[in-house]
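Take a look at the structure below.
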Amino acid sequence: DPSLPLPDSVIALFSGSTSVTPTAPTAVGNDVTIPSQTGVDFLDATIGDGQPLASGTYTITQDTIIVAVPQDGYYFPAGVDDDWFFTFA
C-alpha cells in the first residue's frame, strides 16, 4: 500500500540532518552517568556554562538538570524528551 512519509523523514530529507533520539542519563544515588551517543551533546543546565559533558559518571552536589542538544547535522524528533532532573540526596 502506498503511504506518505512521516514528518521526521521529510524534515531530514530537506535539512540534510539525521534524526537521533537522546539516550537518558541514569542515576544511582548522587552518581549521574552521561551516555556516549553520536549526534548528541549533554549539558549541565544547572551550571549553565554551555560546555558539553564528557560521557562518564559524575557525582552531583546539588539538584541537577541535564539537557541533551543535537550536534550539527542532527536533530531530535518532535516531542522527544531532552532534559532530565536529578535530585541531590
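Every chain in the C-alpha cells has a letter given in the order shown (A, B, ...), and although residue numbers restart at 1 in each chain, ligands are simply numbered from 1 in the order shown.
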
Near-Ser19 of chain A list (12 Å; only C-alpha atoms; drop same-chain fewer than 6 positions) as a list in words = Pro7, Asp8, Ser9, Val10, Ile11, Ala12, Leu13, Thr38, Gly39, Val40, Pro70, Gln71, Asp72, Gly73, Tyr74, Tyr75, Phe76, Pro77, Ala78 and Val80 of chain A

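The list of residues with at least one atom within 10 Å of segment 57-60 of chain A, based on only C-alpha atoms and without residues fewer than 2 positions apart in the same chain, reads A:Pro25, A:Thr26, A:Ala27, A:Val28, A:Gly29, A:Asn30, A:Asp31, A:Val32, A:Thr33, A:Ile34, A:Pro35, A:Leu53, A:Ala54, A:Ser55, A:Gln62, A:Asp63, A:Thr64, A:Phe86, A:Thr87, A:Phe88, A:Ala89.
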
Keeping C-alpha atoms, export the residues of the selection given above as an mmCIF file, in the first residue's frame.
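Now in again-v1.cif:
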```cif
data_model
loop_
_atom_site.group_PDB
_atom_site.id
_atom_site.type_symbol
_atom_site.label_atom_id
_atom_site.label_comp_id
_atom_site.auth_asym_id
_atom_site.auth_seq_id
_atom_site.Cartn_x
_atom_site.Cartn_y
_atom_site.Cartn_z
ATOM 1 C CA PRO A 25 21.311 9.738 31.574
ATOM 2 C CA THR A 26 20.908 7.441 34.579
ATOM 3 C CA ALA A 27 21.468 7.903 38.294
ATOM 4 C CA VAL A 28 22.316 5.744 41.275
ATOM 5 C CA GLY A 29 22.236 7.837 44.416
ATOM 6 C CA ASN A 30 24.152 11.039 43.659
ATOM 7 C CA ASP A 31 26.108 9.483 40.776
ATOM 8 C CA VAL A 32 24.742 10.505 37.359
ATOM 9 C CA THR A 33 26.007 8.655 34.281
ATOM 10 C CA ILE A 34 26.123 10.552 30.996
ATOM 11 C CA PRO A 35 25.922 8.220 27.978
ATOM 12 C CA LEU A 53 29.861 16.974 29.376
ATOM 13 C CA ALA A 54 32.132 14.060 28.530
ATOM 14 C CA SER A 55 30.464 10.677 28.855
ATOM 15 C CA GLN A 62 23.021 19.802 44.175
ATOM 16 C CA ASP A 63 19.774 19.186 42.292
ATOM 17 C CA THR A 64 20.852 18.975 38.659
ATOM 18 C CA PHE A 86 18.185 14.609 39.209
ATOM 19 C CA THR A 87 17.621 15.244 42.921
ATOM 20 C CA PHE A 88 20.622 15.545 45.223
ATOM 21 C CA ALA A 89 20.188 13.292 48.245
#
```

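You can rank A:Val69, A:Ala24, A:Leu6, A:Leu43 by their closest distance to Trp84 of chain A using only C-alpha atoms, and at the top of that list sits A:Ala24.
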
Excluding Ala68 of chain A and residues on its chain fewer than 4 positions from it, collect all residues at most 7 Å away from it, counting only C-alpha atoms, and give them as a ChimeraX atom specification.
-> /A:22,40-43,82-83

Go through chain A and collect every residue that DSSP, computed from the backbone, puts in helix (DSSP H, G or I); the answer should be as an mmCIF file with N, CA and C atoms, in the first residue's frame.
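states_5.cif written:
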```cif
data_model
loop_
_atom_site.group_PDB
_atom_site.id
_atom_site.type_symbol
_atom_site.label_atom_id
_atom_site.label_comp_id
_atom_site.auth_asym_id
_atom_site.auth_seq_id
_atom_site.Cartn_x
_atom_site.Cartn_y
_atom_site.Cartn_z
ATOM 1 N N PRO A 7 6.612 12.904 9.086
ATOM 2 C CA PRO A 7 7.184 14.259 9.109
ATOM 3 C C PRO A 7 8.688 14.283 9.377
ATOM 4 N N ASP A 8 9.179 13.431 10.298
ATOM 5 C CA ASP A 8 10.602 13.422 10.601
ATOM 6 C C ASP A 8 11.430 13.046 9.378
ATOM 7 N N SER A 9 10.918 12.160 8.547
ATOM 8 C CA SER A 9 11.631 11.760 7.330
ATOM 9 C C SER A 9 11.691 12.915 6.332
ATOM 10 N N VAL A 10 10.620 13.665 6.235
ATOM 11 C CA VAL A 10 10.587 14.818 5.323
ATOM 12 C C VAL A 10 11.563 15.887 5.799
ATOM 13 N N ILE A 11 11.577 16.159 7.095
ATOM 14 C CA ILE A 11 12.498 17.161 7.650
ATOM 15 C C ILE A 11 13.941 16.768 7.356
ATOM 16 N N ALA A 12 14.274 15.508 7.593
ATOM 17 C CA ALA A 12 15.637 15.030 7.359
ATOM 18 C C ALA A 12 16.014 15.156 5.892
ATOM 19 N N LEU A 13 15.074 14.885 5.019
ATOM 20 C CA LEU A 13 15.323 14.940 3.587
ATOM 21 C C LEU A 13 15.720 16.345 3.145
ATOM 22 N N PHE A 14 15.027 17.355 3.667
ATOM 23 C CA PHE A 14 15.284 18.722 3.257
ATOM 24 C C PHE A 14 16.372 19.419 4.069
ATOM 25 N N SER A 15 16.612 18.953 5.262
ATOM 26 C CA SER A 15 17.592 19.633 6.107
ATOM 27 C C SER A 15 18.979 19.020 6.007
#
```
